[in-house]
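Asks: Here you go, work-v7.pdb (PDB, C-alpha atoms and all ligand atoms):
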```
ATOM      1  CA  MET A  28      95.367  64.009  -0.341  1.00  0.00           C
ATOM      2  CA  LYS A  29      94.449  66.542  -2.986  1.00  0.00           C
ATOM      3  CA  LEU A  30      95.090  70.256  -2.303  1.00  0.00           C
ATOM      4  CA  ILE A  31      93.171  72.895  -4.237  1.00  0.00           C
ATOM      5  CA  CYS A  32      94.278  76.468  -3.688  1.00  0.00           C
ATOM      6  CA  ASP A  33      91.917  79.263  -4.772  1.00  0.00           C
ATOM      7  CA  THR A  34      90.053  82.267  -3.391  1.00  0.00           C
ATOM      8  CA  VAL A  35      87.656  81.725  -0.496  1.00  0.00           C
ATOM      9  CA  GLU A  36      84.692  82.290  -2.835  1.00  0.00           C
ATOM     10  CA  SER A  37      85.969  79.801  -5.432  1.00  0.00           C
ATOM     11  CA  CYS A  38      86.750  77.223  -2.736  1.00  0.00           C
ATOM     12  CA  ALA A  39      83.196  77.614  -1.423  1.00  0.00           C
ATOM     13  CA  ARG A  40      81.759  77.188  -4.932  1.00  0.00           C
ATOM     14  CA  LEU A  41      83.938  74.149  -5.712  1.00  0.00           C
ATOM     15  CA  ALA A  42      83.148  72.523  -2.379  1.00  0.00           C
ATOM     16  CA  ALA A  43      79.427  73.221  -2.875  1.00  0.00           C
ATOM     17  CA  ALA A  44      79.643  71.526  -6.288  1.00  0.00           C
ATOM     18  CA  ARG A  45      80.818  68.361  -4.496  1.00  0.00           C
ATOM     19  CA  TYR A  46      77.625  68.432  -2.400  1.00  0.00           C
ATOM     20  CA  GLN A  47      75.553  69.065  -5.491  1.00  0.00           C
ATOM     21  CA  ARG A  48      77.067  66.012  -7.223  1.00  0.00           C
ATOM     22  CA  LEU A  49      76.737  63.812  -4.162  1.00  0.00           C
ATOM     23  CA  LEU A  50      73.134  64.780  -3.415  1.00  0.00           C
ATOM     24  CA  ASN A  51      72.106  64.386  -7.039  1.00  0.00           C
ATOM     25  CA  GLU A  52      73.640  60.903  -7.165  1.00  0.00           C
ATOM     26  CA  LYS A  53      72.585  59.900  -3.652  1.00  0.00           C
ATOM     27  CA  PRO A  54      69.715  62.073  -2.365  1.00  0.00           C
ATOM     28  CA  ASP A  55      69.747  60.290   1.018  1.00  0.00           C
ATOM     29  CA  ALA A  56      73.463  60.922   1.573  1.00  0.00           C
ATOM     30  CA  VAL A  57      74.800  61.191   5.123  1.00  0.00           C
ATOM     31  CA  LEU A  58      76.746  64.430   5.588  1.00  0.00           C
ATOM     32  CA  GLY A  59      79.213  65.137   8.377  1.00  0.00           C
ATOM     33  CA  LEU A  60      79.190  68.881   9.072  1.00  0.00           C
ATOM     34  CA  ALA A  61      81.359  71.388  10.910  1.00  0.00           C
ATOM     35  CA  THR A  62      80.840  74.750  12.607  1.00  0.00           C
ATOM     36  CA  GLY A  63      83.178  77.736  13.062  1.00  0.00           C
ATOM     37  CA  SER A  64      83.940  80.612  10.716  1.00  0.00           C
ATOM     38  CA  THR A  65      85.458  78.509   7.947  1.00  0.00           C
ATOM     39  CA  PRO A  66      82.365  76.705   6.572  1.00  0.00           C
ATOM     40  CA  GLU A  67      80.215  79.851   6.458  1.00  0.00           C
ATOM     41  CA  PRO A  68      80.954  80.749   2.798  1.00  0.00           C
ATOM     42  CA  LEU A  69      80.190  77.133   1.837  1.00  0.00           C
ATOM     43  CA  TYR A  70      76.921  77.153   3.778  1.00  0.00           C
ATOM     44  CA  ARG A  71      75.905  80.420   2.068  1.00  0.00           C
ATOM     45  CA  GLU A  72      76.594  78.792  -1.306  1.00  0.00           C
ATOM     46  CA  LEU A  73      74.634  75.651  -0.361  1.00  0.00           C
ATOM     47  CA  ILE A  74      71.675  77.830   0.649  1.00  0.00           C
ATOM     48  CA  ARG A  75      71.889  79.669  -2.686  1.00  0.00           C
ATOM     49  CA  LEU A  76      71.967  76.409  -4.658  1.00  0.00           C
ATOM     50  CA  ASN A  77      69.102  74.973  -2.615  1.00  0.00           C
ATOM     51  CA  LYS A  78      66.936  78.066  -3.164  1.00  0.00           C
ATOM     52  CA  ALA A  79      67.779  77.939  -6.881  1.00  0.00           C
ATOM     53  CA  GLY A  80      66.545  74.324  -6.996  1.00  0.00           C
ATOM     54  CA  ALA A  81      69.999  73.001  -7.932  1.00  0.00           C
ATOM     55  CA  LEU A  82      70.330  70.703  -4.918  1.00  0.00           C
ATOM     56  CA  SER A  83      68.015  69.264  -2.290  1.00  0.00           C
ATOM     57  CA  PHE A  84      68.602  68.140   1.287  1.00  0.00           C
ATOM     58  CA  ALA A  85      65.049  66.739   1.547  1.00  0.00           C
ATOM     59  CA  ARG A  86      66.261  63.149   2.011  1.00  0.00           C
ATOM     60  CA  ALA A  87      69.724  63.869   3.449  1.00  0.00           C
ATOM     61  CA  ALA A  88      70.836  63.284   7.032  1.00  0.00           C
ATOM     62  CA  THR A  89      73.525  65.265   8.814  1.00  0.00           C
ATOM     63  CA  TYR A  90      75.819  64.572  11.763  1.00  0.00           C
ATOM     64  CA  ASN A  91      77.842  67.435  13.191  1.00  0.00           C
ATOM     65  CA  LEU A  92      81.348  66.983  14.486  1.00  0.00           C
ATOM     66  CA  ASP A  93      80.934  68.462  17.919  1.00  0.00           C
ATOM     67  CA  GLU A  94      79.130  70.519  20.540  1.00  0.00           C
ATOM     68  CA  TYR A  95      80.247  72.430  23.615  1.00  0.00           C
ATOM     69  CA  VAL A  96      79.601  70.681  26.930  1.00  0.00           C
ATOM     70  CA  GLY A  97      77.116  72.612  29.035  1.00  0.00           C
ATOM     71  CA  LEU A  98      75.436  74.662  26.301  1.00  0.00           C
ATOM     72  CA  ARG A  99      71.779  74.068  25.460  1.00  0.00           C
ATOM     73  CA  GLY A 100      70.820  73.906  21.803  1.00  0.00           C
ATOM     74  CA  ASP A 101      69.127  77.312  22.047  1.00  0.00           C
ATOM     75  CA  HIS A 102      72.260  79.025  23.454  1.00  0.00           C
ATOM     76  CA  PRO A 103      73.483  81.427  20.723  1.00  0.00           C
ATOM     77  CA  GLN A 104      77.045  80.017  20.944  1.00  0.00           C
ATOM     78  CA  SER A 105      75.969  76.392  20.818  1.00  0.00           C
ATOM     79  CA  TYR A 106      76.789  74.523  17.658  1.00  0.00           C
ATOM     80  CA  ARG A 107      73.164  73.369  17.307  1.00  0.00           C
ATOM     81  CA  TYR A 108      72.091  77.021  17.242  1.00  0.00           C
ATOM     82  CA  PHE A 109      74.866  77.828  14.742  1.00  0.00           C
ATOM     83  CA  MET A 110      73.786  75.048  12.361  1.00  0.00           C
ATOM     84  CA  ASP A 111      70.108  76.014  12.503  1.00  0.00           C
ATOM     85  CA  ASP A 112      70.974  79.665  11.978  1.00  0.00           C
ATOM     86  CA  ARG A 113      73.616  79.289   9.234  1.00  0.00           C
ATOM     87  CA  LEU A 114      72.210  76.365   7.246  1.00  0.00           C
ATOM     88  CA  PHE A 115      69.321  74.180   8.392  1.00  0.00           C
ATOM     89  CA  ASP A 116      66.677  76.934   8.763  1.00  0.00           C
ATOM     90  CA  HIS A 117      67.318  78.090   5.188  1.00  0.00           C
ATOM     91  CA  VAL A 118      67.255  74.800   3.252  1.00  0.00           C
ATOM     92  CA  ASP A 119      64.766  71.988   2.687  1.00  0.00           C
ATOM     93  CA  ILE A 120      66.337  69.595   5.202  1.00  0.00           C
ATOM     94  CA  LYS A 121      64.050  67.859   7.703  1.00  0.00           C
ATOM     95  CA  LYS A 122      65.125  69.018  11.169  1.00  0.00           C
ATOM     96  CA  GLU A 123      64.647  65.518  12.572  1.00  0.00           C
ATOM     97  CA  ASN A 124      67.337  64.295  10.168  1.00  0.00           C
ATOM     98  CA  THR A 125      69.909  66.757  11.545  1.00  0.00           C
ATOM     99  CA  HIS A 126      72.083  65.592  14.423  1.00  0.00           C
ATOM    100  CA  VAL A 127      74.429  67.568  16.666  1.00  0.00           C
ATOM    101  CA  PRO A 128      75.942  65.872  19.734  1.00  0.00           C
ATOM    102  CA  ASP A 129      73.978  66.696  22.877  1.00  0.00           C
ATOM    103  CA  GLY A 130      76.010  69.114  25.009  1.00  0.00           C
ATOM    104  CA  LEU A 131      73.852  68.551  28.075  1.00  0.00           C
ATOM    105  CA  HIS A 132      73.886  64.763  28.271  1.00  0.00           C
ATOM    106  CA  THR A 133      77.557  64.005  27.905  1.00  0.00           C
ATOM    107  CA  THR A 134      77.909  60.523  29.346  1.00  0.00           C
ATOM    108  CA  ALA A 135      80.243  57.988  27.732  1.00  0.00           C
ATOM    109  CA  GLU A 136      77.100  56.056  26.806  1.00  0.00           C
ATOM    110  CA  ASN A 137      75.600  59.009  24.923  1.00  0.00           C
ATOM    111  CA  ALA A 138      78.917  59.541  23.135  1.00  0.00           C
ATOM    112  CA  ALA A 139      78.990  55.887  22.040  1.00  0.00           C
ATOM    113  CA  ASP A 140      75.355  56.194  20.899  1.00  0.00           C
ATOM    114  CA  TYR A 141      76.393  58.967  18.495  1.00  0.00           C
ATOM    115  CA  ASP A 142      78.845  56.654  16.694  1.00  0.00           C
ATOM    116  CA  GLN A 143      76.221  53.923  16.639  1.00  0.00           C
ATOM    117  CA  ALA A 144      73.655  56.285  15.140  1.00  0.00           C
ATOM    118  CA  ILE A 145      76.122  57.230  12.387  1.00  0.00           C
ATOM    119  CA  ALA A 146      76.804  53.571  11.643  1.00  0.00           C
ATOM    120  CA  ALA A 147      73.068  52.753  11.664  1.00  0.00           C
ATOM    121  CA  ALA A 148      72.492  55.580   9.153  1.00  0.00           C
ATOM    122  CA  GLY A 149      74.968  53.864   6.825  1.00  0.00           C
ATOM    123  CA  GLY A 150      78.111  55.811   7.721  1.00  0.00           C
ATOM    124  CA  ILE A 151      79.155  59.295   6.634  1.00  0.00           C
ATOM    125  CA  ASP A 152      79.453  59.817   2.876  1.00  0.00           C
ATOM    126  CA  LEU A 153      81.158  63.214   3.000  1.00  0.00           C
ATOM    127  CA  GLN A 154      82.729  64.705   6.127  1.00  0.00           C
ATOM    128  CA  LEU A 155      83.413  68.439   6.213  1.00  0.00           C
ATOM    129  CA  LEU A 156      86.279  69.630   8.409  1.00  0.00           C
ATOM    130  CA  GLY A 157      87.831  72.915   9.411  1.00  0.00           C
ATOM    131  CA  ILE A 158      91.263  72.843  10.998  1.00  0.00           C
ATOM    132  CA  GLY A 159      92.385  74.536  14.200  1.00  0.00           C
ATOM    133  CA  PRO A 160      95.540  76.692  14.204  1.00  0.00           C
ATOM    134  CA  ASN A 161      97.058  73.864  16.308  1.00  0.00           C
ATOM    135  CA  GLY A 162      96.035  71.203  13.776  1.00  0.00           C
ATOM    136  CA  HIS A 163      92.954  69.943  15.609  1.00  0.00           C
ATOM    137  CA  ILE A 164      90.052  68.417  13.690  1.00  0.00           C
ATOM    138  CA  GLY A 165      86.734  68.274  15.461  1.00  0.00           C
ATOM    139  CA  PHE A 166      87.966  68.857  18.996  1.00  0.00           C
ATOM    140  CA  ASN A 167      90.689  66.236  18.732  1.00  0.00           C
ATOM    141  CA  GLU A 168      93.548  68.212  20.184  1.00  0.00           C
ATOM    142  CA  PRO A 169      97.297  67.596  19.653  1.00  0.00           C
ATOM    143  CA  GLY A 170      98.640  64.572  21.495  1.00  0.00           C
ATOM    144  CA  GLY A 171      95.295  62.761  21.653  1.00  0.00           C
ATOM    145  CA  PRO A 172      94.834  59.121  20.644  1.00  0.00           C
ATOM    146  CA  TRP A 173      94.350  58.109  16.997  1.00  0.00           C
ATOM    147  CA  ASN A 174      91.739  55.465  17.834  1.00  0.00           C
ATOM    148  CA  SER A 175      89.163  57.740  19.465  1.00  0.00           C
ATOM    149  CA  ARG A 176      85.419  57.617  18.828  1.00  0.00           C
ATOM    150  CA  THR A 177      82.919  60.244  19.896  1.00  0.00           C
ATOM    151  CA  HIS A 178      84.033  61.323  23.363  1.00  0.00           C
ATOM    152  CA  ILE A 179      84.217  64.162  25.852  1.00  0.00           C
ATOM    153  CA  ALA A 180      87.271  66.275  25.037  1.00  0.00           C
ATOM    154  CA  ASP A 181      89.093  68.863  27.117  1.00  0.00           C
ATOM    155  CA  LEU A 182      89.716  71.992  25.056  1.00  0.00           C
ATOM    156  CA  SER A 183      93.293  73.222  24.963  1.00  0.00           C
ATOM    157  CA  ASP A 184      94.041  76.760  26.135  1.00  0.00           C
ATOM    158  CA  SER A 185      94.944  77.750  22.562  1.00  0.00           C
ATOM    159  CA  THR A 186      91.590  76.472  21.243  1.00  0.00           C
ATOM    160  CA  ARG A 187      89.693  78.325  23.968  1.00  0.00           C
ATOM    161  CA  GLN A 188      91.672  81.476  23.091  1.00  0.00           C
ATOM    162  CA  ALA A 189      90.942  80.991  19.367  1.00  0.00           C
ATOM    163  CA  ASN A 190      87.206  80.608  20.076  1.00  0.00           C
ATOM    164  CA  LYS A 191      86.833  83.385  22.638  1.00  0.00           C
ATOM    165  CA  ARG A 192      85.908  85.796  19.833  1.00  0.00           C
ATOM    166  CA  PHE A 193      82.411  84.278  19.946  1.00  0.00           C
ATOM    167  CA  PHE A 194      81.977  84.804  23.714  1.00  0.00           C
ATOM    168  CA  SER A 195      81.980  87.900  25.948  1.00  0.00           C
ATOM    169  CA  SER A 196      85.061  86.719  27.878  1.00  0.00           C
ATOM    170  CA  ILE A 197      87.485  83.785  28.071  1.00  0.00           C
ATOM    171  CA  ASP A 198      85.730  82.644  31.263  1.00  0.00           C
ATOM    172  CA  ASP A 199      82.548  82.049  29.265  1.00  0.00           C
ATOM    173  CA  VAL A 200      84.285  79.727  26.777  1.00  0.00           C
ATOM    174  CA  PRO A 201      83.422  76.138  27.720  1.00  0.00           C
ATOM    175  CA  THR A 202      86.343  73.951  28.809  1.00  0.00           C
ATOM    176  CA  GLN A 203      85.025  70.759  27.236  1.00  0.00           C
ATOM    177  CA  ALA A 204      83.249  69.577  24.117  1.00  0.00           C
ATOM    178  CA  ILE A 205      81.686  66.342  22.943  1.00  0.00           C
ATOM    179  CA  SER A 206      83.415  65.538  19.684  1.00  0.00           C
ATOM    180  CA  MET A 207      83.609  62.855  17.042  1.00  0.00           C
ATOM    181  CA  GLY A 208      86.921  61.048  17.464  1.00  0.00           C
ATOM    182  CA  ILE A 209      89.721  60.615  14.959  1.00  0.00           C
ATOM    183  CA  MET A 210      88.407  57.133  14.116  1.00  0.00           C
ATOM    184  CA  THR A 211      84.870  58.442  13.620  1.00  0.00           C
ATOM    185  CA  ILE A 212      86.235  60.984  11.140  1.00  0.00           C
ATOM    186  CA  MET A 213      88.524  58.491   9.377  1.00  0.00           C
ATOM    187  CA  HIS A 214      85.556  56.182   8.737  1.00  0.00           C
ATOM    188  CA  ALA A 215      83.885  58.756   6.470  1.00  0.00           C
ATOM    189  CA  ARG A 216      83.986  57.677   2.819  1.00  0.00           C
ATOM    190  CA  SER A 217      85.221  61.074   1.632  1.00  0.00           C
ATOM    191  CA  ILE A 218      86.533  64.114   3.488  1.00  0.00           C
ATOM    192  CA  LEU A 219      86.617  67.811   2.557  1.00  0.00           C
ATOM    193  CA  VAL A 220      88.866  70.133   4.558  1.00  0.00           C
ATOM    194  CA  LEU A 221      88.459  73.906   4.288  1.00  0.00           C
ATOM    195  CA  ALA A 222      91.198  76.250   5.522  1.00  0.00           C
ATOM    196  CA  PHE A 223      91.300  80.009   5.084  1.00  0.00           C
ATOM    197  CA  GLY A 224      93.602  82.751   6.362  1.00  0.00           C
ATOM    198  CA  PRO A 225      97.175  83.041   7.619  1.00  0.00           C
ATOM    199  CA  ALA A 226      96.404  81.618  11.088  1.00  0.00           C
ATOM    200  CA  LYS A 227      95.942  78.204   9.438  1.00  0.00           C
ATOM    201  CA  ALA A 228      99.181  78.163   7.361  1.00  0.00           C
ATOM    202  CA  GLN A 229     101.310  76.111   9.776  1.00  0.00           C
ATOM    203  CA  ALA A 230      98.558  73.618  10.496  1.00  0.00           C
ATOM    204  CA  VAL A 231      97.832  73.153   6.771  1.00  0.00           C
ATOM    205  CA  ALA A 232     101.523  72.511   6.001  1.00  0.00           C
ATOM    206  CA  ALA A 233     101.754  69.993   8.864  1.00  0.00           C
ATOM    207  CA  MET A 234      98.545  68.292   7.696  1.00  0.00           C
ATOM    208  CA  VAL A 235      99.614  68.011   4.060  1.00  0.00           C
ATOM    209  CA  LYS A 236     103.345  67.343   4.219  1.00  0.00           C
ATOM    210  CA  GLY A 237     104.350  66.881   7.848  1.00  0.00           C
ATOM    211  CA  PRO A 238     104.914  63.534   9.499  1.00  0.00           C
ATOM    212  CA  VAL A 239     101.761  61.637  10.468  1.00  0.00           C
ATOM    213  CA  ASP A 240     101.999  62.496  14.135  1.00  0.00           C
ATOM    214  CA  PRO A 241      99.458  63.152  16.930  1.00  0.00           C
ATOM    215  CA  ALA A 242     101.222  66.516  17.426  1.00  0.00           C
ATOM    216  CA  CYS A 243      99.155  67.564  14.375  1.00  0.00           C
ATOM    217  CA  PRO A 244      95.920  65.549  14.558  1.00  0.00           C
ATOM    218  CA  ALA A 245      94.973  66.546  10.969  1.00  0.00           C
ATOM    219  CA  SER A 246      98.113  64.820   9.657  1.00  0.00           C
ATOM    220  CA  ILE A 247      96.336  61.468   9.985  1.00  0.00           C
ATOM    221  CA  LEU A 248      94.220  62.505   7.000  1.00  0.00           C
ATOM    222  CA  GLN A 249      97.271  61.617   4.838  1.00  0.00           C
ATOM    223  CA  LEU A 250      96.280  57.994   5.498  1.00  0.00           C
ATOM    224  CA  HIS A 251      92.688  58.421   4.275  1.00  0.00           C
ATOM    225  CA  PRO A 252      92.077  57.416   0.642  1.00  0.00           C
ATOM    226  CA  ASP A 253      89.800  60.329  -0.345  1.00  0.00           C
ATOM    227  CA  VAL A 254      90.611  63.745   1.136  1.00  0.00           C
ATOM    228  CA  THR A 255      90.339  67.069  -0.691  1.00  0.00           C
ATOM    229  CA  VAL A 256      91.679  70.223   0.950  1.00  0.00           C
ATOM    230  CA  PHE A 257      90.391  73.592  -0.258  1.00  0.00           C
ATOM    231  CA  ALA A 258      92.630  76.394   0.974  1.00  0.00           C
ATOM    232  CA  ASP A 259      93.107  80.039   0.113  1.00  0.00           C
ATOM    233  CA  GLU A 260      96.596  81.349  -0.687  1.00  0.00           C
ATOM    234  CA  GLU A 261      97.264  82.483   2.872  1.00  0.00           C
ATOM    235  CA  ALA A 262      96.368  79.129   4.402  1.00  0.00           C
ATOM    236  CA  ALA A 263      98.388  77.259   1.746  1.00  0.00           C
ATOM    237  CA  ALA A 264     101.386  79.619   1.996  1.00  0.00           C
ATOM    238  CA  LEU A 265     103.732  77.138   3.733  1.00  0.00           C
ATOM    239  CA  VAL A 266     102.874  74.025   1.711  1.00  0.00           C
TER     240      VAL A 266
HETATM  241  C1  LIG A 301      84.052  72.943  14.404  1.00  0.00           C
HETATM  242  C2  LIG A 301      85.263  72.164  14.663  1.00  0.00           C
HETATM  243  C3  LIG A 301      86.601  72.799  14.759  1.00  0.00           C
HETATM  244  C4  LIG A 301      86.795  73.945  13.765  1.00  0.00           C
HETATM  245  C5  LIG A 301      88.182  74.568  13.941  1.00  0.00           C
HETATM  246  C6  LIG A 301      88.360  75.768  13.029  1.00  0.00           C
HETATM  247  O1  LIG A 301      82.910  72.107  14.344  1.00  0.00           O
HETATM  248  O2  LIG A 301      85.170  70.984  14.848  1.00  0.00           O
HETATM  249  O3  LIG A 301      87.586  71.816  14.579  1.00  0.00           O
HETATM  250  O4  LIG A 301      86.654  73.447  12.455  1.00  0.00           O
HETATM  251  O5  LIG A 301      88.353  74.963  15.256  1.00  0.00           O
HETATM  252  O6  LIG A 301      87.494  76.779  13.432  1.00  0.00           O
HETATM  253  P1  LIG A 301      87.277  78.106  12.548  1.00  0.00           P
HETATM  254  O7  LIG A 301      86.638  77.655  11.280  1.00  0.00           O
HETATM  255  O8  LIG A 301      86.349  78.969  13.359  1.00  0.00           O
HETATM  256  O9  LIG A 301      88.624  78.688  12.329  1.00  0.00           O
END
```
Go ahead and express the file in the form of structure tokens.
Ligand code: F6R
Replies:
Amino acid sequence: MKLICDTVESCARLAAARYQRLLNEKPDAVLGLATGSTPEPLYRELIRLNKAGALSFARAATYNLDEYVGLRGDHPQSYRYFMDDRLFDHVDIKKENTHVPDGLHTTAENAADYDQAIAAAGGIDLQLLGIGPNGHIGFNEPGGPWNSRTHIADLSDSTRQANKRFFSSIDDVPTQAISMGIMTIMHARSILVLAFGPAKAQAVAAMVKGPVDPACPASILQLHPDVTVFADEEAAALV
């Protein structure tokens, strides 16, 4: 696991350069994407590069990590809405090549179909991850199994608290999400983790140098052969 510590802006630029390289080498790359506050500077940089003609998503496919159960894609807090608003509507990607788990049809069968669709697309070339203050990746919460595929996940109280800033009250925060599993994530050929701000410091330290333990789901990334972590000084403070 490689850790690069720089400013948020530099991390976003360096991470965007990885996408530029990948998409230039493999225009039909399969990208695993994340939502939340953390990827926003990266998405702004990708939009800038795309508008400047430096990278194209025209042949790329994307698979997002997760979606809240019960939210329609046009709900402003849904992750489908977030992705359209923050990235897809501003770049040359074909909407039909973008995939976000369906928050309304959350049967075990639909969850399994998501993994099958990823495999049929050739597998994920580059998976983007944020990290929760409790070490979650996707919505794989502490204590969950290592061998999970896309599944319906119960959100921990701390995750619902962390995400309530996007909703009018805690009662409006969904209690479940459909999320790629740890195994789904570990199958990606390469992984980029972004972590910014002091709230992520403990989780980043546990991910990078703690024991590989379900208490910090991100710690399993130590076992993946190609992981790069971009963190600002605050998030890397305890490493
Ligand atoms: C988002 C996701 C989550 C977030 C994590 C950090 O698709 O899967 O694991 O990456 O909760 O969220 P932010 O970036 O808002 O701090």
Asks: Residues at most 12 Å from Ala189 of chain A, counting all atoms listed in the file, excluding those fewer than 5 positions away in the same chain, as a list in words?
Replies: Gly63, Ser64, Ile158, Gly159, Pro160, Asn161, His163, Leu182, Ser183, Asp184, Phe194, Ser196, Ile197, Val200, Ala226 and Lys227 of chain A
Asks: Take the residues just selected and output them with C-alpha atoms as a JSON list (two decimals), in the frame of the given file.
Replies:
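File part-v8.json, as written:
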```
[["chain", "number", "residue", "atom", "x", "y", "z"],
["A", 63, "GLY", "CA", 83.18, 77.74, 13.06],
["A", 64, "SER", "CA", 83.94, 80.61, 10.72],
["A", 158, "ILE", "CA", 91.26, 72.84, 11.00],
["A", 159, "GLY", "CA", 92.38, 74.54, 14.20],
["A", 160, "PRO", "CA", 95.54, 76.69, 14.20],
["A", 161, "ASN", "CA", 97.06, 73.86, 16.31],
["A", 163, "HIS", "CA", 92.95, 69.94, 15.61],
["A", 182, "LEU", "CA", 89.72, 71.99, 25.06],
["A", 183, "SER", "CA", 93.29, 73.22, 24.96],
["A", 184, "ASP", "CA", 94.04, 76.76, 26.14],
["A", 194, "PHE", "CA", 81.98, 84.80, 23.71],
["A", 196, "SER", "CA", 85.06, 86.72, 27.88],
["A", 197, "ILE", "CA", 87.48, 83.78, 28.07],
["A", 200, "VAL", "CA", 84.28, 79.73, 26.78],
["A", 226, "ALA", "CA", 96.40, 81.62, 11.09],
["A", 227, "LYS", "CA", 95.94, 78.20, 9.44]]
```
Asks: With only C-alpha atoms and all ligand atoms counted, collect every polymer residue having an atom within 10 Å of ligand LIG 301 (chain A); state the result as an MDAnalysis selection string.
Replies: chainID A and resid 59:67 91:95 106 109:110 127 155:168 186:187 189:190 192:193 204:207 220:224 226:227 245
Asks: Taking the file as I've supplied it (selection: the PyMOL selection byres (((chain A and resi 247-262) around 8) and not hetatm)), which residues are included? Please answer as a VMD selection string.
Replies: chain A and resid 28 to 35 38 42 213 216 to 229 231 234 to 235 239 to 241 244 to 246 263 to 265
Asks: Can you work out the spacing between atom CA of Gln154 of chain A and atom CA of Thr211 of chain A in Å, to one decimal?
Replies: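 Taking atom CA of Gln154 of chain A as the start and atom CA of Thr211 of chain A as the end point, the length is 10.0 Å.
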Asks: Check what the PyMOL selection byres (((chain A and resi 47) around 12) and not hetatm) selects in the file above and give those residues as a PyMOL selection string.
Replies: chain A and resi 40-46+48-54+56+69+72-77+79-84+87+153
Asks: From the list A:Phe115, A:Tyr108, A:Tyr70, A:Tyr90, which residue is nearest Thr177 of chain A when using all atoms listed in the file?
Replies: A:Tyr90
Asks: Any idea what the distance is between atom CA of Gly208 of chain A and atom CA of Gly237 of chain A?
Replies: 20.7 Å
Asks: Interatomic distance between atom CA of Asp142 of chain A and atom CA of Ala242 of chain A?
Replies: 24.5 Å
Asks: Once the PyMOL selection byres (((chain A and resi 120-125) around 6) and not hetatm) is applied to the coordinates I shared, what remains selected? I want it as a list in words.
Replies: Phe84, Ala85, Ala88, Thr89, Val118, Asp119 and His126 of chain A
Asks: Given all atoms listed in the file as the basis, pick out the residue of A:Ala147, A:Met210, A:Pro68, A:Arg86 nearest to Pro172 of chain A.
Replies: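 Closest to Pro172 of chain A, using all atoms listed in the file: A:Met210.
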Asks: Would you kindly return, as a VMD selection string, each protein, DNA or RNA residue with an atom no farther than 12 Å from any atom of Asp140 of chain A, considering only C-alpha atoms and excluding same-chain residues fewer than 2 positions away?
Replies: chain A and resid 126 128 to 129 132 to 138 142 to 147 176 to 178 207
Asks: Produce the centre coordinates and the three edge lengths, each in Å to one decimal, of the box along x, y and z that contains all listed atoms of segment 201-208 of chain A with 8 Å added on each side, as AutoDock Vina command-line options.
Replies:
```
--center_x 84.3 --center_y 68.6 --center_z 22.9 --size_x 21.2 --size_y 31.1 --size_z 27.8
```
